[in-house]
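Dumped model-v6.txt below, it's compact mmCIF, C-alpha atoms:
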# COMPACT_ATOMS: atom_id res chain seq x y z
CA MET A 1 0.00 0.00 0.00
CA MET A 2 1.23 3.47 -0.81
CA PHE A 3 1.01 6.13 1.89
CA SER A 4 1.20 9.90 1.55
CA VAL A 5 2.45 12.52 3.95
CA GLY A 6 -0.25 13.21 6.53
CA ASP A 7 -2.00 9.81 6.33
CA ARG A 8 -3.15 8.47 9.70
CA VAL A 9 -1.68 4.99 10.30
CA ARG A 10 -1.83 2.10 12.75
CA TRP A 11 1.33 0.19 13.67
CA ALA A 12 0.95 -3.19 15.38
CA THR A 13 4.26 -4.18 16.96
CA THR A 14 5.65 -5.63 20.19
CA ASP A 15 7.13 -3.79 23.14
CA GLY A 16 10.50 -4.51 24.74
CA ASP A 17 8.96 -7.36 26.77
CA GLY A 18 7.52 -9.04 23.69
CA LEU A 19 3.93 -8.00 24.44
CA PRO A 20 1.67 -6.80 21.62
CA LEU A 21 1.52 -3.03 21.21
CA VAL A 22 -0.54 -0.84 18.86
CA ARG A 23 0.62 2.70 18.11
CA TYR A 24 -1.00 5.41 16.01
CA GLY A 25 0.58 8.30 14.15
CA PHE A 26 0.87 10.29 10.94
CA VAL A 27 3.10 9.58 7.98
CA GLY A 28 5.83 12.24 7.86
CA GLY A 29 7.46 10.95 4.70
CA VAL A 30 8.05 7.86 2.57
CA ALA A 31 11.48 7.03 1.14
CA SER A 32 10.13 5.25 -1.96
CA GLU A 33 7.29 3.04 -3.19
CA ILE A 34 8.74 0.18 -1.17
CA GLY A 35 9.43 2.29 1.92
CA PRO A 36 10.28 2.68 4.64
CA ALA A 37 8.11 5.44 6.09
CA LEU A 38 8.88 8.05 8.69
CA VAL A 39 5.95 8.00 11.12
CA MET A 40 5.30 10.67 13.70
CA LEU A 41 3.83 8.54 16.49
CA ASP A 42 1.32 10.06 18.90
CA GLY A 43 3.01 11.31 22.05
CA GLU A 44 6.53 11.20 20.56
CA LEU A 45 8.64 14.20 19.59
CA GLY A 46 10.72 12.42 16.95
CA GLY A 47 9.77 10.15 14.10
CA GLU A 48 10.12 6.38 13.82
CA VAL A 49 11.27 4.68 10.62
CA ILE A 50 8.86 1.81 9.94
CA VAL A 51 8.65 -0.77 7.15
CA LEU A 52 5.56 -0.11 5.00
CA GLY A 53 4.28 -3.67 5.41
CA GLU A 54 3.89 -3.07 9.16
CA LEU A 55 1.57 -0.09 8.68
CA GLU A 56 -2.10 0.05 7.86
CA PRO A 57 -4.37 3.02 7.30
CA VAL A 58 -6.59 3.95 10.22
CA SER A 59 -10.23 3.17 9.51
CA VAL A 60 -13.24 2.06 11.51
CA THR A 61 -12.57 -1.54 10.49
CA SER A 62 -8.84 -1.46 11.28
CA VAL A 63 -9.29 -0.42 14.93
CA GLU A 64 -9.27 -3.64 16.96
CA LEU A 65 -8.65 -4.64 20.53
CA HIS A 66 -7.28 -8.07 21.39
CA LEU A 67 -7.88 -8.83 25.04
CA ALA A 68 -7.13 -11.94 27.07
CA GLY A 69 -9.95 -13.37 29.12
CA ASP A 70 -12.73 -15.76 28.18
CA ASP A 71 -14.87 -14.09 30.85
CA LEU A 72 -14.98 -10.89 28.76
CA ILE A 73 -17.30 -12.60 26.31
CA GLU A 74 -19.02 -15.02 28.71
CA ASP A 75 -20.04 -12.55 31.43
CA PRO A 76 -22.88 -10.22 30.27
CA GLU A 77 -21.73 -7.35 32.52
CA LEU A 78 -18.16 -7.50 31.22
CA ARG A 79 -19.44 -7.85 27.64
CA ARG A 80 -21.37 -4.54 28.05
CA GLY A 81 -18.11 -2.72 28.77
CA LEU A 82 -16.38 -3.92 25.61
CA VAL A 83 -18.15 -1.28 23.49
CA HIS A 84 -16.68 1.47 25.69
CA LEU A 85 -13.21 -0.02 25.38
CA TRP A 86 -13.56 -0.07 21.58
CA GLU A 87 -14.78 3.56 21.62
CA ALA A 88 -11.73 4.59 23.67
CA GLU A 89 -9.42 2.84 21.20
CA ALA A 90 -11.20 4.51 18.27
CA GLU A 91 -10.67 7.89 19.95
CA SER A 92 -6.97 7.08 20.44
CA ALA A 93 -6.81 6.21 16.74
CA GLY A 94 -8.23 9.64 15.89
CA LEU A 95 -11.57 8.43 14.53
CA ALA A 96 -14.66 10.60 14.81
CA VAL A 97 -17.63 8.36 15.60
CA ASP A 98 -20.96 10.12 15.04
CA GLY A 99 -23.12 7.94 17.26
CA VAL A 100 -23.17 4.62 19.09
CA GLU A 101 -26.31 2.67 19.97
CA SER A 102 -25.37 0.09 22.58
CA TRP A 103 -27.28 -3.16 22.62
CA GLY A 104 -26.55 -3.85 26.29
CA ALA A 105 -25.05 -7.30 26.70
CA GLY A 106 -25.60 -7.86 22.96
CA TRP A 107 -26.74 -11.00 21.25
CA CYS A 108 -24.91 -14.08 20.18
CA ASP A 109 -24.50 -14.39 16.41
CA ASP A 110 -22.85 -17.75 16.90
CA ARG A 111 -20.89 -19.32 19.75
CA HIS A 112 -17.78 -17.33 18.83
CA CYS A 113 -19.30 -13.89 18.09
CA TRP A 114 -21.44 -11.33 19.96
CA SER A 115 -22.94 -8.21 18.34
CA LEU A 116 -22.75 -5.41 20.92
CA ALA A 117 -23.64 -2.08 19.30
CA GLU A 118 -24.29 -0.20 16.10
CA LEU A 119 -22.34 2.92 15.22
CA THR A 120 -22.32 5.48 12.47
CA THR A 121 -19.37 7.38 11.12
CA GLY A 122 -18.61 9.00 7.79
CA GLY A 123 -22.09 8.15 6.54
CA GLY A 124 -21.55 4.41 7.10
CA ARG A 125 -23.13 2.00 9.58
CA TYR A 126 -21.07 -0.55 11.48
CA VAL A 127 -21.66 -3.22 14.11
CA VAL A 128 -19.26 -3.54 17.04
CA ARG A 129 -18.61 -7.22 17.69
CA ALA A 130 -16.71 -9.30 20.20
CA VAL A 131 -15.23 -12.35 18.50
CA ARG A 132 -13.19 -15.21 19.90
CA SER A 133 -9.83 -15.58 18.21
CA PRO A 134 -9.75 -18.70 16.03
CA LEU A 135 -6.12 -19.24 17.11
CA ASP A 136 -6.77 -18.86 20.86
CA PRO A 137 -10.38 -18.93 22.15
CA ALA A 138 -9.22 -17.19 25.36
CA ILE A 139 -8.44 -14.06 23.29
CA VAL A 140 -11.36 -11.76 22.47
CA CYS A 141 -11.17 -9.37 19.50
CA ILE A 142 -13.42 -6.31 19.59
CA ARG A 143 -13.88 -4.70 16.20
CA ALA A 144 -16.39 -2.90 13.97
CA ASP A 145 -17.67 -4.53 10.80
CA PRO A 146 -19.85 -2.95 8.10
CA ALA A 147 -23.54 -3.38 8.94

What would the structure in this file look like if it were written as structure tokens?
Amino acid sequence: MMFSVGDRVRWATTDGDGLPLVRYGFVGGVASEIGPALVMLDGELGGEVIVLGELEPVSVTSVELHLAGDDLIEDPELRRGLVHLWEAEAESAGLAVDGVESWGAGWCDDRHCWSLAELTTGGGRYVVRAVRSPLDPAIVCIRADPA
């Protein structure tokens, strides 16, 4: 994917302890079509040189949370809070969400997926879902999919 100066990007990496880490920033420059890119990460004064293949454009569907804990999807009270966690991540990513209609504890689409809320942004409608990871059922992914 080709990025331009000023594009908002998401960088999924690992921290010094090997734990997953997601950072957001703006493209400050791209060396060539194959990269790398200079990214001005949120909260940092300097830029970070990042391989293009590690970046993705920020969009409603690219903002995801991956959280450990089977209880997050099993317990209705914890499941209610997942929408708010996704909204906080979307705000960190710089997305402007027009409106969110929470569906409380949601409903089960299948045994691995719960629909939790509907949101609108940029004229589009999306459903916030909590989905068990196919690789590790103890990991819950919260994301927005087109409605």

Q.
When you look at segment 7-14 of chain A with a cut-off of 7 Å (counting only C-alpha atoms), what residues show up, excluding the ones that are within fewer than 6 positions of it in the same chain? I need them as a PyMOL selection string.
A. chain A and resi 20-27+54-58

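Counting only C-alpha atoms, segment 116-132 of chain A has the following residues at most 7 Å away, ignoring those fewer than 5 positions along the same chain: Ile73, Val83, Ala96, Val97, Asp98, Gly99, Val100, Glu101, Ser102, Trp103, Gly104, Ala105, Gly106, Trp107, Pro137, Ile139, Val140, Cys141, Ile142, Arg143, Ala144, Asp145, Pro146 and Ala147 of chain A.
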
(Q) To one decimal place in Å, what is the distance between atom CA of Trp86 of chain A and atom CA of Val49 of chain A? (A)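 Straight-line distance from atom CA of Trp86 of chain A to atom CA of Val49 of chain A works out to 27.6 Å.
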
Q: Go ahead and compute the interatomic distance for atom CA of Val39 of chain A and atom CA of His66 of chain A, in Å to one decimal.
A: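 Distance between the two atoms: 23.2 Å.
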
Q: For atom CA of His112 of chain A and atom CA of Gly18 of chain A, quote the distance in Å rounded to one decimal.
A: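 Computed distance, atom CA of His112 of chain A to atom CA of Gly18 of chain A, equals 27.1 Å.
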
Q. So which one's closest to Glu64 of chain A, A:Ser115, A:Pro134, A:Met2, A:Ala88? Using only C-alpha atoms, please.
A.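 Checking each of A:Ser115, A:Pro134, A:Met2, A:Ala88 against Glu64 of chain A, counting only C-alpha atoms, the winner is A:Ala88.
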
**Q.** Minimum-distance residue to Glu74 of chain A, chosen among A:Gly16, A:Cys113, A:Ile34, A:Ser4 (using all atoms listed in the file)
**A.**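 Among A:Gly16, A:Cys113, A:Ile34, A:Ser4, it is A:Cys113 that comes nearest to Glu74 of chain A.
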